[in-house]
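Asks: Structure file run.cif (mmCIF, C-alpha atoms) is given on the next line.
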data_target
#
loop_
_atom_site.label_atom_id
_atom_site.label_comp_id
_atom_site.auth_asym_id
_atom_site.auth_seq_id
_atom_site.Cartn_x
_atom_site.Cartn_y
_atom_site.Cartn_z
CA MET A 3 2.77 104.75 -28.44
CA PRO A 4 2.24 108.23 -30.02
CA ASP A 5 -1.54 107.89 -29.56
CA THR A 6 -1.10 106.52 -26.06
CA PHE A 7 1.23 109.36 -25.14
CA ALA A 8 -1.17 111.99 -26.46
CA LYS A 9 -4.11 110.51 -24.56
CA VAL A 10 -2.19 110.08 -21.31
CA ALA A 11 -0.77 113.60 -21.57
CA GLU A 12 -4.30 114.92 -22.10
CA ILE A 13 -5.55 113.00 -19.06
CA ILE A 14 -2.72 114.37 -16.92
CA ALA A 15 -3.37 117.91 -18.15
CA ASP A 16 -7.08 117.59 -17.38
CA THR A 17 -6.53 115.97 -14.00
CA SER A 18 -3.60 117.93 -12.66
CA GLU A 19 -3.93 121.29 -14.38
CA ILE A 20 -0.48 120.85 -15.90
CA PRO A 21 -0.19 122.49 -19.35
CA VAL A 22 -0.14 119.69 -21.90
CA GLU A 23 2.80 121.34 -23.69
CA ASP A 24 4.90 120.84 -20.53
CA ILE A 25 4.47 117.06 -20.75
CA THR A 26 7.09 115.25 -22.84
CA PRO A 27 8.02 111.59 -23.26
CA GLU A 28 10.98 112.25 -20.97
CA SER A 29 8.88 113.84 -18.20
CA HIS A 30 8.97 112.08 -14.85
CA THR A 31 5.40 112.32 -13.66
CA ILE A 32 6.44 112.68 -10.03
CA ASP A 33 9.79 114.46 -10.11
CA ASP A 34 9.25 116.72 -13.14
CA LEU A 35 5.49 117.19 -13.27
CA GLY A 36 5.01 117.17 -9.49
CA ILE A 37 2.05 114.83 -9.56
CA ASP A 38 1.30 113.58 -6.05
CA SER A 39 -0.08 110.20 -5.08
CA LEU A 40 -3.70 111.38 -4.86
CA ASP A 41 -3.67 113.04 -8.26
CA PHE A 42 -1.99 109.91 -9.58
CA LEU A 43 -5.02 107.87 -8.44
CA ASP A 44 -7.26 110.10 -10.56
CA ILE A 45 -4.90 109.70 -13.50
CA VAL A 46 -4.76 105.92 -13.17
CA PHE A 47 -8.55 105.81 -12.87
CA ALA A 48 -8.91 107.83 -16.08
CA VAL A 49 -6.26 105.77 -17.90
CA ASP A 50 -7.86 102.48 -16.78
CA LYS A 51 -11.21 103.71 -18.10
CA GLU A 52 -9.82 105.16 -21.32
CA PHE A 53 -7.96 102.00 -22.34
CA GLY A 54 -10.06 99.35 -20.58
CA ILE A 55 -7.11 98.10 -18.55
CA LYS A 56 -6.10 97.85 -14.92
CA ILE A 57 -2.72 99.39 -14.23
CA PRO A 58 -1.08 97.24 -11.53
CA LEU A 59 -0.28 100.23 -9.35
CA GLU A 60 0.07 98.21 -6.15
CA LYS A 61 2.62 95.90 -7.73
CA TRP A 62 4.58 98.79 -9.22
CA THR A 63 4.65 100.60 -5.90
CA GLN A 64 5.73 97.42 -4.13
CA ASN A 65 8.52 96.84 -6.66
CA VAL A 66 9.82 100.37 -6.12
CA ASN A 67 9.55 100.13 -2.34
CA ASP A 68 11.35 96.77 -2.34
CA GLY A 69 14.16 98.18 -4.47
CA ASN A 70 13.34 95.86 -7.37
CA ALA A 71 12.57 98.73 -9.74
CA THR A 72 13.20 102.44 -10.05
CA THR A 73 10.46 105.04 -10.23
CA GLU A 74 11.79 105.89 -13.73
CA GLU A 75 10.76 102.45 -14.99
CA TYR A 76 7.12 103.17 -14.29
CA PHE A 77 6.67 106.89 -13.95
CA VAL A 78 8.65 108.47 -16.79
CA MET A 79 6.04 109.19 -19.46
CA LYS A 80 7.57 107.13 -22.27
CA ASN A 81 8.00 104.13 -19.95
CA LEU A 82 4.52 104.57 -18.48
CA CYS A 83 3.02 104.66 -21.97
CA ALA A 84 5.02 101.57 -23.00
CA LYS A 85 3.63 99.72 -19.96
CA ILE A 86 0.13 100.88 -20.87
CA ASP A 87 0.64 99.61 -24.44
CA GLU A 88 1.73 96.23 -23.03
CA LEU A 89 -1.43 96.05 -20.92
CA ILE A 90 -3.59 96.97 -23.92
CA GLU A 91 -1.87 94.30 -26.02
CA ALA A 92 -2.25 91.68 -23.28
CA LYS A 93 -5.96 92.45 -23.11
CA ALA A 94 -6.50 92.05 -26.88
CA MET B 14 -23.85 106.89 11.14
CA ILE B 15 -25.06 103.80 9.31
CA ASP B 16 -27.55 101.88 11.42
CA ALA B 17 -28.19 98.83 9.25
CA ILE B 18 -26.93 97.03 6.15
CA SER B 19 -29.74 95.25 4.34
CA GLU B 20 -27.94 93.97 1.23
CA VAL B 21 -24.42 93.34 0.03
CA ASN B 22 -24.38 92.09 -3.55
CA LEU B 23 -20.91 90.85 -4.43
CA ASP B 24 -21.88 89.86 -7.99
CA GLU B 25 -23.29 93.21 -8.97
CA LYS B 26 -21.00 95.01 -6.52
CA PHE B 27 -23.46 97.18 -4.63
CA LEU B 28 -24.53 97.67 -1.03
CA LYS B 29 -27.72 98.99 0.52
CA ALA B 30 -27.71 100.50 3.98
CA HIS B 31 -29.95 102.59 6.18
CA SER B 32 -29.61 105.36 8.69
CA THR B 33 -32.00 107.40 10.79
CA VAL B 34 -30.93 110.93 11.59
CA PRO B 35 -31.12 111.37 15.40
CA ASP B 36 -33.79 113.66 16.78
CA GLU B 37 -31.20 115.50 18.79
CA SER B 38 -27.50 116.06 18.20
CA PRO B 39 -24.89 118.65 19.19
CA VAL B 40 -24.43 119.18 15.44
CA PHE B 41 -27.85 120.78 15.25
CA GLU B 42 -27.01 123.37 17.89
CA GLY B 43 -25.01 125.30 15.35
CA HIS B 44 -26.42 123.97 12.10
CA PHE B 45 -28.68 125.86 12.47
CA PRO B 46 -30.02 127.31 15.74
CA GLY B 47 -33.77 126.68 15.74
CA ASN B 48 -33.67 125.11 12.27
CA PRO B 49 -31.77 121.82 12.47
CA LEU B 50 -30.35 120.48 9.19
CA VAL B 51 -27.87 117.68 8.54
CA PRO B 52 -24.66 119.26 7.19
CA GLY B 53 -23.64 118.17 3.71
CA VAL B 54 -20.31 116.86 4.98
CA LEU B 55 -22.17 114.38 7.18
CA MET B 56 -24.17 113.20 4.18
CA ILE B 57 -20.85 112.61 2.45
CA GLU B 58 -19.59 110.74 5.52
CA THR B 59 -22.69 108.53 5.46
CA MET B 60 -22.11 107.71 1.79
CA ALA B 61 -18.40 107.22 2.48
CA GLN B 62 -19.06 104.69 5.25
CA ALA B 63 -21.35 102.67 3.00
CA SER B 64 -18.86 102.76 0.14
CA GLY B 65 -15.95 101.77 2.37
CA ILE B 66 -17.91 98.84 3.78
CA MET B 67 -18.75 97.71 0.24
CA ILE B 68 -15.10 97.79 -0.76
CA MET B 69 -14.08 95.80 2.32
CA HIS B 70 -16.56 93.07 1.43
CA THR B 71 -14.86 92.57 -1.94
CA ILE B 72 -11.45 92.09 -0.28
CA ASP B 73 -12.70 90.04 2.65
CA PHE B 74 -11.88 92.82 5.13
CA ALA B 75 -8.15 92.29 4.53
CA LYS B 76 -7.42 96.00 4.10
CA ILE B 77 -9.02 99.32 4.95
CA PRO B 78 -10.25 101.78 2.31
CA LEU B 79 -9.45 105.39 3.17
CA LEU B 80 -11.35 108.25 1.60
CA ALA B 81 -9.02 110.10 -0.76
CA GLY B 82 -11.34 112.21 -2.87
CA VAL B 83 -14.90 113.45 -3.31
CA LYS B 84 -16.24 114.53 -6.66
CA ASN B 85 -19.53 115.76 -8.00
CA ALA B 86 -21.17 115.87 -4.57
CA LYS B 87 -24.71 117.18 -4.85
CA PHE B 88 -27.20 117.88 -2.08
CA ARG B 89 -30.61 118.04 -3.61
CA ASP B 90 -32.81 118.57 -0.57
CA PHE B 91 -32.70 119.42 3.12
CA VAL B 92 -32.39 116.63 5.66
CA GLY B 93 -33.66 117.18 9.18
CA PRO B 94 -33.90 115.25 12.47
CA GLY B 95 -35.63 111.87 12.36
CA THR B 96 -35.25 111.46 8.60
CA LYS B 97 -34.80 107.88 7.41
CA LEU B 98 -32.04 107.66 4.84
CA ASP B 99 -31.56 104.82 2.36
CA ILE B 100 -27.96 104.59 1.20
CA THR B 101 -26.61 102.83 -1.87
CA ALA B 102 -22.97 102.39 -2.79
CA GLU B 103 -21.71 100.80 -5.98
CA PHE B 104 -18.42 100.44 -7.79
CA GLU B 105 -17.53 102.83 -10.54
CA HIS B 106 -14.07 101.29 -10.86
CA GLU B 107 -11.98 98.68 -9.08
CA GLY B 108 -8.40 99.80 -9.48
CA SER B 109 -5.17 98.32 -8.20
CA GLY B 110 -4.91 99.57 -4.63
CA PHE B 111 -7.73 102.04 -5.08
CA ALA B 112 -11.43 102.16 -5.85
CA VAL B 113 -13.89 104.70 -7.16
CA MET B 114 -17.45 104.46 -5.86
CA ASN B 115 -20.76 106.07 -6.69
CA ALA B 116 -23.01 106.60 -3.69
CA GLN B 117 -26.47 108.00 -3.21
CA LEU B 118 -28.85 108.91 -0.42
CA HIS B 119 -32.59 108.50 -0.88
CA VAL B 120 -35.49 109.59 1.34
CA GLU B 121 -38.77 107.79 0.63
CA GLY B 122 -37.55 106.93 -2.85
CA LYS B 123 -36.38 110.40 -3.73
CA ARG B 124 -32.67 110.94 -4.36
CA ILE B 125 -31.47 113.70 -2.10
CA ALA B 126 -27.67 113.41 -2.38
CA ASN B 127 -25.01 111.71 -4.45
CA ALA B 128 -21.23 111.78 -4.87
CA GLN B 129 -18.34 109.97 -6.47
CA LEU B 130 -15.83 108.85 -3.86
CA THR B 131 -12.23 107.73 -4.38
CA TYR B 132 -10.50 105.44 -1.89
CA THR B 133 -6.94 104.35 -1.45
CA ILE B 134 -6.81 100.86 0.00
CA MET B 135 -4.23 100.37 2.74
CA PRO B 136 -3.22 97.71 5.26
CA PHE B 137 -5.10 97.95 8.55
CA PRO B 138 -3.02 99.83 11.12
CA SER B 139 -3.90 97.19 13.69
CA GLU B 140 -5.65 93.84 13.98
CA LYS B 141 -7.73 95.35 16.77
CA LEU B 142 -9.24 97.93 14.42
CA GLN B 143 -9.78 95.29 11.75
CA ASN B 144 -11.74 93.11 14.17
CA MET B 145 -13.66 96.08 15.53
CA ILE B 146 -14.84 97.06 12.06
CA LYS B 147 -15.79 93.45 11.25
CA ASP B 148 -17.86 93.33 14.43
CA GLN B 149 -19.53 96.67 13.69
CA VAL B 150 -20.47 95.55 10.18
CA ALA B 151 -21.85 92.27 11.54
CA ASP B 152 -23.97 94.28 14.00
CA MET B 153 -25.25 96.49 11.16
CA LYS B 154 -26.37 93.40 9.24
CA LYS B 155 -28.09 92.00 12.32
CA ALA B 156 -29.85 95.35 12.79
CA ALA B 157 -31.28 95.11 9.27
CA LEU B 158 -32.58 91.58 9.92
CA ALA B 159 -34.14 92.73 13.17
CA GLY B 160 -35.97 95.40 11.18
#
Let me see the file written as structure tokens.
Replies:
Amino acid sequence: MPDTFAKVAEIIADTSEIPVEDITPESHTIDDLGIDSLDFLDIVFAVDKEFGIKIPLEKWTQNVNDGNATTEEYFVMKNLCAKIDELIEAKA
Amino acid sequence: MIDAISEVNLDEKFLKAHSTVPDESPVFEGHFPGNPLVPGVLMIETMAQASGIMIMHTIDFAKIPLLAGVKNAKFRDFVGPGTKLDITAEFEHEGSGFAVMNAQLHVEGKRIANAQLTYTIMPFPSEKLQNMIKDQVADMKKAALAG
């Protein structure tokens, strides 16, 4: 998780011009960091490439839209990184 | 702007298409008077059409890819009326609900433009549009066979 967080924070900083020091495990990527859906595509692309995974963004979005999940479950940094770790582990 | 699609390779995930720049177009009246050149944005549009059509083939035309970003676009030479363009589009990344494509334009084997294009993949707004695009793509394939 610490490595994942550092890499994801670096990707967000590079992609969205958000200072890396402003990104914490508690940061909500949308509400706190102000990342919009188009920037998020770039971030997911970079994360997919970095970790060799495929973040199921469509499913996550559908779950939120259907009321089956909150945005915090997927888009708060510590939760996002935990999901990424799960995907990395599932791939191994 | 694409006239013909000569190859769609679903295993290697690339598409080849072709386009001939018209001899006359209102675009050339202003770009530039007496010295007609295809604007770079139209070269991007040509690459974007090819890339979008490639993406739709991989999802059986169930959804429509919408251009969401253009990166690293380079225009390496001038393109004038009557030029025959060969277009290639290939996947850089197949994401969940999005795709990143690399596209290029060649003229007589020389690369004259390239770009990385990001698409968000959405439901078709209407069945009518979905069918219209399917028909247009079928016509483009027929045009390639007809030479």
Asks: Pull out every residue of chain A sitting within 7 Å of chain B, counting all atoms listed in the file, and send them as a PyMOL selection string.
Replies: chain A and resi 40+47+56-60
Asks: Could you check how far CA of Met153 (chain B) sits from CA of Ile15 (chain B), in Å to one decimal?
Replies: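 Result for CA of Met153 (chain B) versus CA of Ile15 (chain B): 7.5 Å, one decimal.
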Asks: What separation in Å, quoted to one decimal, exists between CA of Phe42 (chain A) and CA of Phe77 (chain A)?
Replies: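 Straight-line distance from CA of Phe42 (chain A) to CA of Phe77 (chain A) works out to 10.2 Å.
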Asks: Could you tell me, as a list of chain:residue names, exactly which residues end up selected when the PyMOL selection byres ((chain A and resi 27-39) around 7) is applied to this structure?
Replies: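 What the PyMOL selection byres ((chain A and resi 27-39) around 7) grabs from the file is A:Ile25, A:Thr26, A:Leu40, A:Asp41, A:Phe42, A:Leu43, A:Glu74, A:Phe77, A:Val78, A:Met79, A:Lys80.
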Asks: Please measure the separation of CA of Phe88 (chain B) and CA of Ala48 (chain A), giving the value in Å to one decimal.
Replies: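 Result for CA of Phe88 (chain B) versus CA of Ala48 (chain A): 25.1 Å, one decimal.
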Asks: Could you add the missing atoms to region 26-39 of chain A, up to N, CA, C and O atoms, and return them as a compact mmCIF listing (two decimals), keeping the file's coordinate frame?
Replies:
# COMPACT_ATOMS: atom_id res chain seq x y z
N THR A 26 6.33 115.86 -21.74
CA THR A 26 7.09 115.25 -22.84
C THR A 26 7.30 113.77 -22.53
O THR A 26 7.09 113.33 -21.39
N PRO A 27 7.75 113.01 -23.53
CA PRO A 27 8.02 111.59 -23.26
C PRO A 27 9.07 111.38 -22.17
O PRO A 27 9.10 110.34 -21.52
N GLU A 28 9.92 112.38 -21.98
CA GLU A 28 10.98 112.25 -20.97
C GLU A 28 10.53 112.73 -19.58
O GLU A 28 11.27 112.58 -18.61
N SER A 29 9.34 113.29 -19.49
CA SER A 29 8.88 113.84 -18.20
C SER A 29 8.68 112.73 -17.17
O SER A 29 8.04 111.72 -17.45
N HIS A 30 9.23 112.98 -15.99
CA HIS A 30 8.97 112.08 -14.85
C HIS A 30 7.71 112.63 -14.18
O HIS A 30 7.69 113.78 -13.75
N THR A 31 6.69 111.80 -14.13
CA THR A 31 5.40 112.32 -13.66
C THR A 31 5.46 112.84 -12.23
O THR A 31 4.73 113.76 -11.88
N ILE A 32 6.33 112.25 -11.44
CA ILE A 32 6.44 112.68 -10.03
C ILE A 32 7.47 113.80 -9.89
O ILE A 32 7.17 114.88 -9.40
N ASP A 33 8.69 113.52 -10.34
CA ASP A 33 9.79 114.46 -10.11
C ASP A 33 9.70 115.72 -10.97
O ASP A 33 10.02 116.82 -10.51
N ASP A 34 9.29 115.56 -12.23
CA ASP A 34 9.25 116.72 -13.14
C ASP A 34 7.89 117.41 -13.14
O ASP A 34 7.81 118.63 -13.14
N LEU A 35 6.83 116.60 -13.16
CA LEU A 35 5.49 117.19 -13.27
C LEU A 35 4.87 117.47 -11.90
O LEU A 35 3.87 118.17 -11.80
N GLY A 36 5.48 116.89 -10.85
CA GLY A 36 5.01 117.17 -9.49
C GLY A 36 3.67 116.56 -9.16
O GLY A 36 2.95 117.07 -8.29
N ILE A 37 3.34 115.47 -9.84
CA ILE A 37 2.05 114.83 -9.56
C ILE A 37 2.16 114.05 -8.25
O ILE A 37 3.07 113.23 -8.08
N ASP A 38 1.24 114.31 -7.33
CA ASP A 38 1.30 113.58 -6.05
C ASP A 38 0.46 112.30 -6.13
O ASP A 38 -0.21 112.03 -7.13
N SER A 39 0.52 111.54 -5.04
CA SER A 39 -0.08 110.20 -5.08
C SER A 39 -1.60 110.27 -5.27
O SER A 39 -2.18 109.39 -5.94
